[in-house]
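Q: JSON, C-alpha atoms and all ligand atoms, saved as upload_37.json, coming up:
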```
[["chain", "number", "residue", "atom", "x", "y", "z"],
["W", 1, "MET", "CA", 50.50, -125.17, 110.74],
["W", 2, "GLY", "CA", 50.22, -128.91, 111.39],
["W", 3, "ALA", "CA", 47.29, -130.08, 109.30],
["W", 4, "GLN", "CA", 47.37, -131.73, 105.89],
["W", 5, "ILE", "CA", 45.75, -129.25, 103.50],
["W", 6, "ILE", "CA", 43.25, -131.14, 101.35],
["W", 7, "ASP", "CA", 43.57, -130.12, 97.70],
["W", 8, "GLY", "CA", 40.00, -130.22, 96.37],
["W", 9, "LYS", "CA", 41.00, -128.54, 93.14],
["W", 10, "ALA", "CA", 43.40, -131.33, 92.18],
["W", 11, "ARG", "CA", 40.96, -134.01, 93.36],
["W", 12, "ALA", "CA", 38.17, -132.50, 91.26],
["W", 13, "ALA", "CA", 40.48, -132.47, 88.22],
["W", 14, "ARG", "CA", 41.12, -136.18, 88.76],
["W", 15, "ILE", "CA", 37.38, -136.89, 88.85],
["W", 16, "ARG", "CA", 36.93, -134.95, 85.62],
["W", 17, "GLU", "CA", 39.61, -137.14, 84.01],
["W", 18, "ASN", "CA", 37.76, -140.27, 85.16],
["W", 19, "VAL", "CA", 34.52, -138.83, 83.81],
["W", 20, "ALA", "CA", 36.11, -137.91, 80.46],
["W", 21, "GLU", "CA", 37.47, -141.45, 80.08],
["W", 22, "ALA", "CA", 34.07, -142.95, 80.94],
["W", 23, "VAL", "CA", 32.35, -140.62, 78.46],
["W", 24, "ALA", "CA", 34.81, -141.64, 75.73],
["W", 25, "ARG", "CA", 34.14, -145.34, 76.43],
["W", 26, "LEU", "CA", 30.36, -144.82, 76.35],
["W", 27, "GLY", "CA", 30.74, -143.07, 73.00],
["W", 28, "THR", "CA", 32.87, -145.71, 71.31],
["W", 29, "GLY", "CA", 31.22, -148.72, 72.98],
["W", 30, "HIS", "CA", 27.57, -147.72, 72.95],
["W", 31, "GLY", "CA", 27.21, -144.59, 70.80],
["W", 32, "LEU", "CA", 26.01, -142.81, 73.95],
["W", 33, "THR", "CA", 26.89, -139.20, 74.81],
["W", 34, "PRO", "CA", 25.63, -138.16, 78.25],
["W", 35, "GLY", "CA", 23.76, -134.84, 78.20],
["W", 36, "LEU", "CA", 23.24, -132.37, 81.05],
["W", 37, "ALA", "CA", 20.53, -129.68, 80.95],
["W", 38, "VAL", "CA", 20.98, -126.70, 83.26],
["W", 39, "VAL", "CA", 18.10, -124.31, 83.81],
["W", 40, "LEU", "CA", 18.66, -120.79, 85.12],
["W", 41, "VAL", "CA", 15.76, -118.49, 85.90],
["W", 42, "GLY", "CA", 16.65, -114.81, 86.38],
["W", 43, "GLU", "CA", 19.96, -112.99, 86.56],
["W", 44, "ASP", "CA", 21.41, -113.75, 89.99],
["W", 45, "PRO", "CA", 25.14, -113.02, 89.41],
["W", 46, "ALA", "CA", 26.48, -115.92, 91.50],
["W", 47, "SER", "CA", 24.10, -118.36, 89.76],
["W", 48, "GLN", "CA", 25.23, -117.09, 86.35],
["W", 49, "VAL", "CA", 28.85, -117.86, 87.25],
["W", 50, "TYR", "CA", 27.94, -121.37, 88.50],
["W", 51, "VAL", "CA", 25.89, -122.13, 85.40],
["W", 52, "ARG", "CA", 28.64, -120.92, 83.07],
["W", 53, "ASN", "CA", 31.20, -123.10, 84.86],
["W", 54, "LYS", "CA", 28.92, -126.13, 84.77],
["W", 55, "ALA", "CA", 28.32, -125.75, 81.04],
["W", 56, "ARG", "CA", 32.03, -125.26, 80.27],
["W", 57, "GLN", "CA", 33.14, -128.28, 82.30],
["W", 58, "THR", "CA", 30.36, -130.44, 80.86],
["W", 59, "VAL", "CA", 31.66, -129.79, 77.34],
["W", 60, "GLU", "CA", 35.30, -130.22, 78.44],
["W", 61, "VAL", "CA", 34.65, -133.82, 79.55],
["W", 62, "GLY", "CA", 32.96, -134.62, 76.24],
["W", 63, "MET", "CA", 29.32, -134.49, 77.30],
["W", 64, "ARG", "CA", 26.53, -132.45, 75.74],
["W", 65, "SER", "CA", 25.42, -129.30, 77.55],
["W", 66, "PHE", "CA", 21.94, -127.82, 77.17],
["W", 67, "GLU", "CA", 21.59, -124.39, 78.73],
["W", 68, "HIS", "CA", 18.15, -122.86, 79.31],
["W", 69, "ARG", "CA", 18.19, -119.26, 80.51],
["W", 70, "LEU", "CA", 14.75, -117.92, 81.34],
["W", 71, "PRO", "CA", 13.76, -114.39, 82.38],
["W", 72, "ALA", "CA", 13.10, -113.68, 86.08],
["W", 73, "GLU", "CA", 9.38, -113.17, 85.29],
["W", 74, "THR", "CA", 8.98, -116.75, 84.01],
["W", 75, "ASP", "CA", 5.97, -118.28, 85.73],
["W", 76, "GLU", "CA", 5.95, -121.64, 87.44],
["W", 77, "ALA", "CA", 3.78, -123.29, 84.77],
["W", 78, "GLU", "CA", 6.29, -122.37, 82.04],
["W", 79, "LEU", "CA", 9.15, -123.76, 84.08],
["W", 80, "LEU", "CA", 7.21, -126.97, 84.79],
["W", 81, "ASP", "CA", 6.53, -127.23, 81.07],
["W", 82, "LEU", "CA", 10.27, -126.97, 80.31],
["W", 83, "VAL", "CA", 11.06, -129.63, 82.95],
["W", 84, "ALA", "CA", 8.48, -131.95, 81.34],
["W", 85, "ARG", "CA", 10.13, -131.49, 77.94],
["W", 86, "LEU", "CA", 13.57, -132.21, 79.39],
["W", 87, "ASN", "CA", 12.18, -135.31, 81.15],
["W", 88, "ALA", "CA", 10.96, -136.54, 77.77],
["W", 89, "ASP", "CA", 14.11, -135.64, 75.81],
["W", 90, "PRO", "CA", 16.26, -138.76, 75.23],
["W", 91, "ALA", "CA", 19.41, -136.64, 74.70],
["W", 92, "VAL", "CA", 19.09, -135.26, 78.25],
["W", 93, "HIS", "CA", 20.25, -137.59, 81.03],
["W", 94, "GLY", "CA", 20.69, -135.03, 83.79],
["W", 95, "ILE", "CA", 18.53, -132.04, 84.71],
["W", 96, "LEU", "CA", 19.64, -129.33, 87.10],
["W", 97, "VAL", "CA", 17.47, -126.34, 87.98],
["W", 98, "GLN", "CA", 19.76, -123.74, 89.49],
["W", 99, "LEU", "CA", 18.69, -122.50, 92.94],
["W", 100, "PRO", "CA", 17.63, -120.10, 94.29],
["W", 101, "LEU", "CA", 14.55, -119.65, 92.10],
["W", 102, "PRO", "CA", 12.66, -116.33, 92.11],
["W", 103, "PRO", "CA", 10.29, -116.13, 95.10],
["W", 104, "HIS", "CA", 7.08, -116.51, 93.02],
["W", 105, "ILE", "CA", 8.16, -120.05, 92.01],
["W", 106, "ASP", "CA", 7.77, -123.00, 94.39],
["W", 107, "ALA", "CA", 11.20, -124.66, 94.19],
["W", 108, "THR", "CA", 10.03, -127.90, 95.79],
["W", 109, "ARG", "CA", 7.27, -128.30, 93.21],
["W", 110, "VAL", "CA", 9.76, -127.74, 90.38],
["W", 111, "ILE", "CA", 12.38, -130.14, 91.76],
["W", 112, "ASP", "CA", 9.76, -132.80, 92.36],
["W", 113, "ALA", "CA", 8.64, -132.48, 88.72],
["W", 114, "ILE", "CA", 12.08, -133.68, 87.55],
["W", 115, "ASN", "CA", 12.29, -137.38, 86.69],
["W", 116, "PRO", "CA", 14.16, -138.69, 89.78],
["W", 117, "ASP", "CA", 16.43, -140.74, 87.52],
["W", 118, "LYS", "CA", 17.54, -137.50, 85.79],
["W", 119, "ASP", "CA", 17.79, -135.53, 89.05],
["W", 120, "VAL", "CA", 21.60, -135.20, 89.07],
["W", 121, "ASP", "CA", 21.41, -132.75, 92.00],
["W", 122, "GLY", "CA", 19.84, -135.50, 94.11],
["W", 123, "PHE", "CA", 17.33, -133.01, 95.51],
["W", 124, "HIS", "CA", 14.13, -134.89, 94.54],
["W", 125, "VAL", "CA", 12.25, -136.33, 97.51],
["W", 126, "VAL", "CA", 12.55, -139.79, 95.95],
["W", 127, "ASN", "CA", 16.35, -139.50, 95.90],
["W", 128, "ALA", "CA", 16.39, -138.19, 99.49],
["W", 129, "GLY", "CA", 14.34, -141.28, 100.42],
["W", 130, "ARG", "CA", 16.58, -143.64, 98.46],
["W", 131, "LEU", "CA", 19.63, -142.27, 100.27],
["W", 132, "MET", "CA", 17.93, -142.68, 103.62],
["W", 133, "VAL", "CA", 16.92, -146.31, 103.09],
["W", 134, "GLY", "CA", 20.15, -147.33, 101.33],
["W", 135, "LEU", "CA", 18.94, -147.69, 97.73],
["W", 136, "ASP", "CA", 20.92, -146.58, 94.68],
["W", 137, "GLY", "CA", 19.85, -143.08, 93.73],
["W", 138, "MET", "CA", 21.35, -139.74, 92.85],
["W", 139, "VAL", "CA", 23.41, -138.36, 95.76],
["W", 140, "PRO", "CA", 23.64, -134.55, 96.21],
["W", 141, "CYS", "CA", 26.92, -133.34, 94.71],
["W", 142, "THR", "CA", 28.39, -131.26, 97.55],
["W", 143, "PRO", "CA", 28.06, -133.90, 100.30],
["W", 144, "LEU", "CA", 29.24, -136.55, 97.84],
["W", 145, "GLY", "CA", 32.34, -134.44, 97.15],
["W", 146, "CYS", "CA", 32.91, -134.02, 100.90],
["W", 147, "LEU", "CA", 32.71, -137.78, 101.40],
["W", 148, "VAL", "CA", 35.32, -138.35, 98.67],
["W", 149, "LEU", "CA", 37.70, -135.95, 100.43],
["W", 150, "ILE", "CA", 37.08, -137.56, 103.84],
["W", 151, "ARG", "CA", 37.70, -141.05, 102.44],
["W", 152, "ASP", "CA", 40.98, -139.88, 100.89],
["W", 153, "VAL", "CA", 42.43, -138.88, 104.26],
["W", 154, "MET", "CA", 40.76, -141.44, 106.56],
["W", 155, "SER", "CA", 41.48, -145.11, 106.13],
["W", 156, "ASP", "CA", 38.51, -146.11, 108.26],
["W", 157, "ILE", "CA", 35.43, -143.98, 108.80],
["W", 158, "SER", "CA", 33.61, -146.83, 110.53],
["W", 159, "GLY", "CA", 32.97, -146.03, 114.19],
["W", 160, "ALA", "CA", 34.27, -142.46, 113.91],
["W", 161, "GLU", "CA", 32.41, -139.60, 115.59],
["W", 162, "ALA", "CA", 31.14, -137.29, 112.85],
["W", 163, "VAL", "CA", 29.55, -133.92, 113.54],
["W", 164, "VAL", "CA", 27.82, -132.06, 110.71],
["W", 165, "VAL", "CA", 27.05, -128.44, 111.53],
["W", 166, "GLY", "CA", 24.05, -127.39, 109.43],
["W", 167, "ARG", "CA", 20.83, -129.23, 108.61],
["W", 168, "SER", "CA", 19.98, -128.10, 105.09],
["W", 169, "ASN", "CA", 18.35, -130.52, 102.66],
["W", 170, "ILE", "CA", 21.17, -129.82, 100.17],
["W", 171, "VAL", "CA", 24.21, -130.42, 102.39],
["W", 172, "GLY", "CA", 23.69, -131.13, 106.10],
["W", 173, "LYS", "CA", 21.04, -133.85, 106.01],
["W", 174, "PRO", "CA", 22.44, -135.85, 103.06],
["W", 175, "MET", "CA", 25.96, -135.48, 104.50],
["W", 176, "GLY", "CA", 24.70, -137.04, 107.72],
["W", 177, "GLN", "CA", 23.12, -139.92, 105.78],
["W", 178, "LEU", "CA", 26.30, -140.56, 103.76],
["W", 179, "LEU", "CA", 28.42, -140.68, 106.91],
["W", 180, "LEU", "CA", 25.90, -142.99, 108.57],
["W", 181, "ARG", "CA", 26.14, -145.26, 105.52],
["W", 182, "GLU", "CA", 29.91, -145.39, 106.22],
["W", 183, "ASN", "CA", 29.15, -146.51, 109.80],
["W", 184, "ALA", "CA", 30.18, -143.23, 111.45],
["W", 185, "THR", "CA", 28.34, -142.13, 114.58],
["W", 186, "VAL", "CA", 26.61, -139.02, 113.29],
["W", 187, "THR", "CA", 25.44, -135.86, 115.03],
["W", 188, "ILE", "CA", 23.71, -133.18, 112.98],
["W", 189, "ALA", "CA", 24.11, -129.91, 114.87],
["W", 190, "HIS", "CA", 22.41, -126.61, 114.00],
["W", 191, "SER", "CA", 21.63, -123.11, 115.20],
["W", 192, "ARG", "CA", 19.61, -124.36, 118.17],
["W", 193, "THR", "CA", 22.19, -126.90, 119.31],
["W", 194, "ARG", "CA", 23.18, -126.34, 122.92],
["W", 195, "ASP", "CA", 26.94, -126.07, 123.66],
["W", 196, "LEU", "CA", 27.88, -126.23, 119.98],
["W", 197, "PRO", "CA", 31.64, -125.88, 120.64],
["W", 198, "ASP", "CA", 31.46, -128.87, 123.00],
["W", 199, "VAL", "CA", 29.58, -130.94, 120.43],
["W", 200, "CYS", "CA", 32.14, -130.05, 117.74],
["W", 201, "ARG", "CA", 35.03, -130.99, 120.04],
["W", 202, "ARG", "CA", 33.78, -134.59, 120.01],
["W", 203, "ALA", "CA", 34.23, -134.88, 116.26],
["W", 204, "ASP", "CA", 36.80, -137.01, 114.50],
["W", 205, "ILE", "CA", 35.14, -135.69, 111.34],
["W", 206, "LEU", "CA", 33.76, -132.15, 111.43],
["W", 207, "VAL", "CA", 31.75, -130.89, 108.47],
["W", 208, "ALA", "CA", 30.85, -127.19, 108.60],
["W", 209, "ALA", "CA", 27.92, -126.11, 106.42],
["W", 210, "VAL", "CA", 26.32, -123.18, 108.18],
["W", 211, "GLY", "CA", 27.11, -120.15, 106.02],
["W", 212, "ARG", "CA", 28.59, -118.12, 108.91],
["W", 213, "PRO", "CA", 32.07, -116.75, 108.13],
["W", 214, "GLU", "CA", 34.82, -118.28, 110.30],
["W", 215, "MET", "CA", 32.36, -119.31, 113.00],
["W", 216, "ILE", "CA", 34.24, -122.50, 113.92],
["W", 217, "ARG", "CA", 37.35, -121.67, 115.93],
["W", 218, "SER", "CA", 40.43, -123.75, 116.68],
["W", 219, "ASP", "CA", 39.28, -124.51, 120.25],
["W", 220, "TRP", "CA", 36.15, -126.20, 118.82],
["W", 221, "ILE", "CA", 38.32, -128.77, 117.04],
["W", 222, "LYS", "CA", 39.61, -132.06, 118.41],
["W", 223, "PRO", "CA", 43.36, -132.38, 117.77],
["W", 224, "GLY", "CA", 43.90, -134.47, 114.63],
["W", 225, "ALA", "CA", 40.29, -134.18, 113.40],
["W", 226, "VAL", "CA", 39.39, -134.10, 109.70],
["W", 227, "VAL", "CA", 37.74, -130.72, 109.06],
["W", 228, "ILE", "CA", 35.65, -130.20, 105.93],
["W", 229, "ASP", "CA", 34.57, -126.62, 105.29],
["W", 230, "VAL", "CA", 31.57, -126.26, 102.97],
["W", 231, "GLY", "CA", 31.12, -122.53, 103.63],
["W", 232, "ILE", "CA", 31.78, -119.96, 100.91],
["W", 233, "ASN", "CA", 31.35, -116.52, 102.45],
["W", 234, "ARG", "CA", 32.41, -113.24, 100.89],
["W", 235, "VAL", "CA", 33.71, -110.78, 103.50],
["W", 236, "PRO", "CA", 35.15, -107.27, 103.18],
["W", 237, "ALA", "CA", 38.95, -107.17, 102.78],
["W", 238, "PRO", "CA", 39.98, -103.53, 103.19],
["W", 239, "GLU", "CA", 43.63, -104.66, 103.43],
["W", 240, "ARG", "CA", 43.36, -105.49, 99.70],
["W", 241, "GLY", "CA", 42.13, -101.99, 98.90],
["W", 242, "ALA", "CA", 38.94, -100.00, 99.15],
["W", 243, "GLY", "CA", 35.81, -102.00, 98.36],
["W", 244, "LYS", "CA", 37.71, -105.31, 97.98],
["W", 245, "SER", "CA", 36.50, -108.63, 99.36],
["W", 246, "ARG", "CA", 37.75, -112.17, 99.86],
["W", 247, "LEU", "CA", 36.26, -115.63, 100.33],
["W", 248, "VAL", "CA", 36.34, -117.39, 103.68],
["W", 249, "GLY", "CA", 34.78, -120.59, 104.91],
["W", 250, "ASP", "CA", 32.74, -121.38, 108.00],
["W", 251, "VAL", "CA", 35.99, -122.38, 109.75],
["W", 252, "ALA", "CA", 38.70, -119.97, 110.92],
["W", 253, "PHE", "CA", 41.21, -121.67, 108.63],
["W", 254, "ALA", "CA", 44.63, -120.45, 109.83],
["W", 255, "GLU", "CA", 44.04, -121.24, 113.49],
["W", 256, "ALA", "CA", 42.09, -124.45, 112.76],
["W", 257, "ALA", "CA", 44.99, -125.76, 110.65],
["W", 258, "GLU", "CA", 47.16, -125.65, 113.79],
["W", 259, "VAL", "CA", 44.91, -128.22, 115.48],
["W", 260, "ALA", "CA", 43.24, -130.33, 112.79],
["W", 261, "GLY", "CA", 44.81, -133.41, 111.22],
["W", 262, "ALA", "CA", 43.52, -132.51, 107.76],
["W", 263, "ILE", "CA", 41.48, -129.54, 106.57],
["W", 264, "THR", "CA", 39.96, -128.17, 103.37],
["W", 265, "PRO", "CA", 40.85, -124.59, 102.38],
["W", 266, "VAL", "CA", 38.41, -122.01, 101.01],
["W", 267, "PRO", "CA", 38.62, -121.53, 98.09],
["W", 268, "GLY", "CA", 40.08, -124.71, 96.59],
["W", 269, "GLY", "CA", 38.60, -127.30, 98.94],
["W", 270, "VAL", "CA", 35.00, -128.50, 98.69],
["W", 271, "GLY", "CA", 33.95, -125.93, 96.05],
["W", 272, "PRO", "CA", 35.52, -127.54, 92.96],
["W", 273, "MET", "CA", 34.28, -130.98, 94.03],
["W", 274, "THR", "CA", 30.62, -130.04, 93.58],
["W", 275, "ILE", "CA", 30.72, -129.64, 89.80],
["W", 276, "ALA", "CA", 33.06, -132.64, 89.42],
["W", 277, "CYS", "CA", 30.52, -134.80, 91.27],
["W", 278, "LEU", "CA", 27.72, -133.32, 89.16],
["W", 279, "LEU", "CA", 29.53, -134.52, 86.02],
["W", 280, "ALA", "CA", 30.03, -137.96, 87.60],
["W", 281, "ASN", "CA", 26.32, -138.08, 88.54],
["W", 282, "THR", "CA", 25.40, -137.27, 84.93],
["W", 283, "VAL", "CA", 27.41, -140.27, 83.67],
["W", 284, "THR", "CA", 25.76, -142.42, 86.35],
["W", 285, "ALA", "CA", 22.30, -141.23, 85.28],
["W", 286, "ALA", "CA", 23.03, -141.84, 81.58],
["W", 287, "CYS", "CA", 24.23, -145.39, 82.28],
["W", 288, "ARG", "CA", 21.24, -146.25, 84.45],
["W", 289, "LEU", "CA", 18.77, -144.78, 81.96],
["W", 290, "HIS", "CA", 20.32, -146.98, 79.26],
["W", 291, "GLY", "CA", 20.57, -150.11, 81.42],
["W", 292, "LEU", "CA", 24.39, -150.03, 81.29],
["W", 293, "PRO", "CA", 26.69, -150.72, 84.24],
["W", 294, "VAL", "CA", 27.82, -147.58, 86.06],
["W", 295, "PRO", "CA", 31.63, -147.21, 85.76],
["W", 296, "PRO", "CA", 32.97, -148.06, 89.22],
["W", 297, "ASP", "CA", 35.92, -145.67, 89.07],
["W", 298, "LEU", "CA", 34.28, -142.28, 88.45],
["W", 299, "LEU", "CA", 35.27, -140.90, 91.85],
["W", 300, "SER", "CA", 38.56, -142.76, 92.32],
["W", 301, "SER", "CA", 41.88, -141.03, 92.90],
["B", 1, "LIG", "N1", 22.74, -123.32, 93.94],
["B", 1, "LIG", "C1", 23.88, -123.37, 94.68],
["B", 1, "LIG", "N2", 24.39, -124.62, 94.67],
["B", 1, "LIG", "C2", 23.56, -125.37, 93.92],
["B", 1, "LIG", "C3", 23.56, -126.74, 93.53],
["B", 1, "LIG", "O1", 24.43, -127.54, 93.89],
["B", 1, "LIG", "N3", 22.53, -127.13, 92.74],
["B", 1, "LIG", "C4", 21.55, -126.27, 92.34],
["B", 1, "LIG", "N4", 20.57, -126.74, 91.57],
["B", 1, "LIG", "N5", 21.53, -125.00, 92.68],
["B", 1, "LIG", "C5", 22.52, -124.56, 93.46]]
```
Written as structure tokens, how would this file's structure read?

A:
Amino acid sequence: MGAQIIDGKARAARIRENVAEAVARLGTGHGLTPGLAVVLVGEDPASQVYVRNKARQTVEVGMRSFEHRLPAETDEAELLDLVARLNADPAVHGILVQLPLPPHIDATRVIDAINPDKDVDGFHVVNAGRLMVGLDGMVPCTPLGCLVLIRDVMSDISGAEAVVVGRSNIVGKPMGQLLLRENATVTIAHSRTRDLPDVCRRADILVAAVGRPEMIRSDWIKPGAVVIDVGINRVPAPERGAGKSRLVGDVAFAEAAEVAGAITPVPGGVGPMTIACLLANTVTAACRLHGLPVPPDLLSS
């Protein structure tokens, strides 16, 4: 195995330390405690785990956590009403509505009801636009976390060939914009891309965000490339016993690590970075809402 294994767990812990220090300074200097509201509709088990982790980590860094758990039958008007109250609440600086929402609720309408300056997920169309035109806004947490990891292992992203596999609004498209902002040459590939392995082989930076277990093989990877695996796929693991499962990424990790220069594992790579960046975004939102300078070191190593 030749590649450097990128430790996202340790990097996320470092970001949480930066955030905790910034939160302490905001408290003593300005009497300000950033607050994050997380809204969960229904009982999706994976979402419940995410929401619990977000709330725990929010409190651990010294911020206030507001959890709103609503039944699956909640109608859209009730949810929009809650979002309006959170928009108006001065103790709430970040609002996150956990996705997926039940099918009878229009997620786009709900996200676009959030005050863009409190949209710590960076999913609001205004924040997507700000990212595209180069204005300060809220940047989606998972691609932001990926960029932090890429910067750690690459001294110069400028001019690099970057291939992002996956074109979702949450990961693929904002990831492409962030890499473009760093002066990479960006290709966003997807399920209709012709000769996908060939396209991937061009990449100095390969970001996989397709949700297909171990789809990206070692012969798709340019020797020495930085490989960032956003996939979290649960697959059967009969070798661990009947009915057992394990998590794998979108990249066939063991063989890819023989070829790549640096690679994120699953779990322990990109996953922990998402919540860490969410906490950093909440501090950013609180500072901007109060007209205070955003601490420059929230994401530093
Ligand atoms: N569901 C899975 N990941 C996310 C995320 O980053 N934000 C929200 N709001 N929902 C999610």

Q: Kindly assemble as a Markdown table a list of the chain W residues that lie within 8 Å of ligand LIG 1 (chain B), each paired with its nearest atom pair and their distance in Å to one decimal, using all atoms listed in the file, sorted first by chain and then by ascending residue number.

A:
```
| residue | atom | partner | partner_atom | distance |
| --- | --- | --- | --- | --- |
| W:Ser47 | CA | B:LIG1 | N1 | 6.6 |
| W:Tyr50 | CA | B:LIG1 | C1 | 7.7 |
| W:Leu96 | CA | B:LIG1 | N4 | 5.2 |
| W:Val97 | CA | B:LIG1 | N4 | 4.8 |
| W:Gln98 | CA | B:LIG1 | N4 | 3.7 |
| W:Leu99 | CA | B:LIG1 | N5 | 3.8 |
| W:Pro100 | CA | B:LIG1 | N1 | 6.1 |
| W:Asp121 | CA | B:LIG1 | N3 | 5.8 |
| W:Pro140 | CA | B:LIG1 | O1 | 7.4 |
| W:Cys141 | CA | B:LIG1 | O1 | 6.4 |
| W:Thr142 | CA | B:LIG1 | O1 | 6.6 |
| W:Ile170 | CA | B:LIG1 | O1 | 7.4 |
| W:Thr274 | CA | B:LIG1 | O1 | 6.7 |
| W:Ile275 | CA | B:LIG1 | O1 | 7.8 |
```

Q: Would you work out the distance separating CA of Val210 in chain W from CA of Asn233 in chain W, expressed in Å to one decimal?

A: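 About the pair CA of Val210 in chain W and CA of Asn233 in chain W: they are 10.1 Å apart.
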
Q: Looking at W:Leu247, W:Met215, W:Met63, W:Ala162, which one is nearest to Leu32 in chain W, with distances taken over only C-alpha atoms?

A: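 Under the stated criterion, the closest residue is W:Met63.
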
Q: Taking all atoms listed in the file into account, which of W:Glu214, W:Asp136, W:Asp195, W:Asp229 comes nearest Val171 in chain W?

A: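 Between W:Glu214, W:Asp136, W:Asp195, W:Asp229, the residue approaching Val171 in chain W most closely is W:Asp229.
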
Q: One number please: CA of Val83 in chain W to CA of Ile114 in chain W, in Å, one decimal.

A: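 About the pair CA of Val83 in chain W and CA of Ile114 in chain W: they are 6.2 Å apart.
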
Q: Rounded to one decimal place, report the CA of Pro223 in chain W-CA of Cys146 in chain W distance in Å.

A: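 Here the two named atoms are 19.9 Å from each other.
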
Q: Would you mind telling me which residue in W:Val207, W:Gly94, W:Leu40, W:Gly2 lies nearest to His68 in chain W when using all atoms listed in the file?

A: W:Leu40

Q: Go through W:Arg14, W:Arg234, W:His93, W:Lys54 and flag the residue nearest Val283 in chain W, using all atoms listed in the file for the distances.

A: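 So, comparing all the options, the nearest one is W:His93.
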
Q: I want to know what sits within 9 Å of Gly159 in chain W, based on all atoms listed in the file, with residues of the same chain fewer than 6 positions away left out; could you give that as a PyMOL selection string?

A: chain W and resi 182-185

Q: Can you fill out range 204-209 of chain W with all heavy atoms and hand it back as a PDB file, in the frame of the given file?

A:
```
ATOM      1  N   ASP W 204      35.640-136.573 115.279  1.00  0.00           N
ATOM      2  CA  ASP W 204      36.800-137.010 114.500  1.00  0.00           C
ATOM      3  C   ASP W 204      36.691-136.461 113.080  1.00  0.00           C
ATOM      4  O   ASP W 204      37.688-136.256 112.404  1.00  0.00           O
ATOM      5  CB  ASP W 204      36.847-138.549 114.415  1.00  0.00           C
ATOM      6  CG  ASP W 204      36.881-139.206 115.791  1.00  0.00           C
ATOM      7  OD1 ASP W 204      37.755-138.831 116.587  1.00  0.00           O
ATOM      8  OD2 ASP W 204      36.018-140.072 116.069  1.00  0.00           O
ATOM      9  N   ILE W 205      35.431-136.294 112.646  1.00  0.00           N
ATOM     10  CA  ILE W 205      35.140-135.690 111.340  1.00  0.00           C
ATOM     11  C   ILE W 205      34.196-134.527 111.604  1.00  0.00           C
ATOM     12  O   ILE W 205      33.109-134.721 112.162  1.00  0.00           O
ATOM     13  CB  ILE W 205      34.423-136.692 110.405  1.00  0.00           C
ATOM     14  CG1 ILE W 205      35.265-137.948 110.184  1.00  0.00           C
ATOM     15  CG2 ILE W 205      34.072-136.034 109.072  1.00  0.00           C
ATOM     16  CD1 ILE W 205      34.483-139.099 109.555  1.00  0.00           C
ATOM     17  N   LEU W 206      34.605-133.332 111.212  1.00  0.00           N
ATOM     18  CA  LEU W 206      33.760-132.150 111.430  1.00  0.00           C
ATOM     19  C   LEU W 206      33.446-131.529 110.084  1.00  0.00           C
ATOM     20  O   LEU W 206      34.355-131.129 109.356  1.00  0.00           O
ATOM     21  CB  LEU W 206      34.498-131.154 112.336  1.00  0.00           C
ATOM     22  CG  LEU W 206      33.762-129.868 112.698  1.00  0.00           C
ATOM     23  CD1 LEU W 206      32.467-130.158 113.458  1.00  0.00           C
ATOM     24  CD2 LEU W 206      34.659-128.955 113.557  1.00  0.00           C
ATOM     25  N   VAL W 207      32.166-131.490 109.730  1.00  0.00           N
ATOM     26  CA  VAL W 207      31.750-130.890 108.470  1.00  0.00           C
ATOM     27  C   VAL W 207      30.981-129.615 108.793  1.00  0.00           C
ATOM     28  O   VAL W 207      29.967-129.662 109.499  1.00  0.00           O
ATOM     29  CB  VAL W 207      30.863-131.847 107.635  1.00  0.00           C
ATOM     30  CG1 VAL W 207      30.459-131.189 106.314  1.00  0.00           C
ATOM     31  CG2 VAL W 207      31.580-133.168 107.372  1.00  0.00           C
ATOM     32  N   ALA W 208      31.468-128.483 108.287  1.00  0.00           N
ATOM     33  CA  ALA W 208      30.850-127.190 108.600  1.00  0.00           C
ATOM     34  C   ALA W 208      30.067-126.712 107.376  1.00  0.00           C
ATOM     35  O   ALA W 208      30.649-126.490 106.316  1.00  0.00           O
ATOM     36  CB  ALA W 208      31.925-126.184 108.970  1.00  0.00           C
ATOM     37  N   ALA W 209      28.766-126.565 107.533  1.00  0.00           N
ATOM     38  CA  ALA W 209      27.920-126.110 106.420  1.00  0.00           C
ATOM     39  C   ALA W 209      26.826-125.217 106.982  1.00  0.00           C
ATOM     40  O   ALA W 209      25.637-125.542 106.937  1.00  0.00           O
ATOM     41  CB  ALA W 209      27.318-127.319 105.693  1.00  0.00           C
TER      42      ALA W 209
END
```
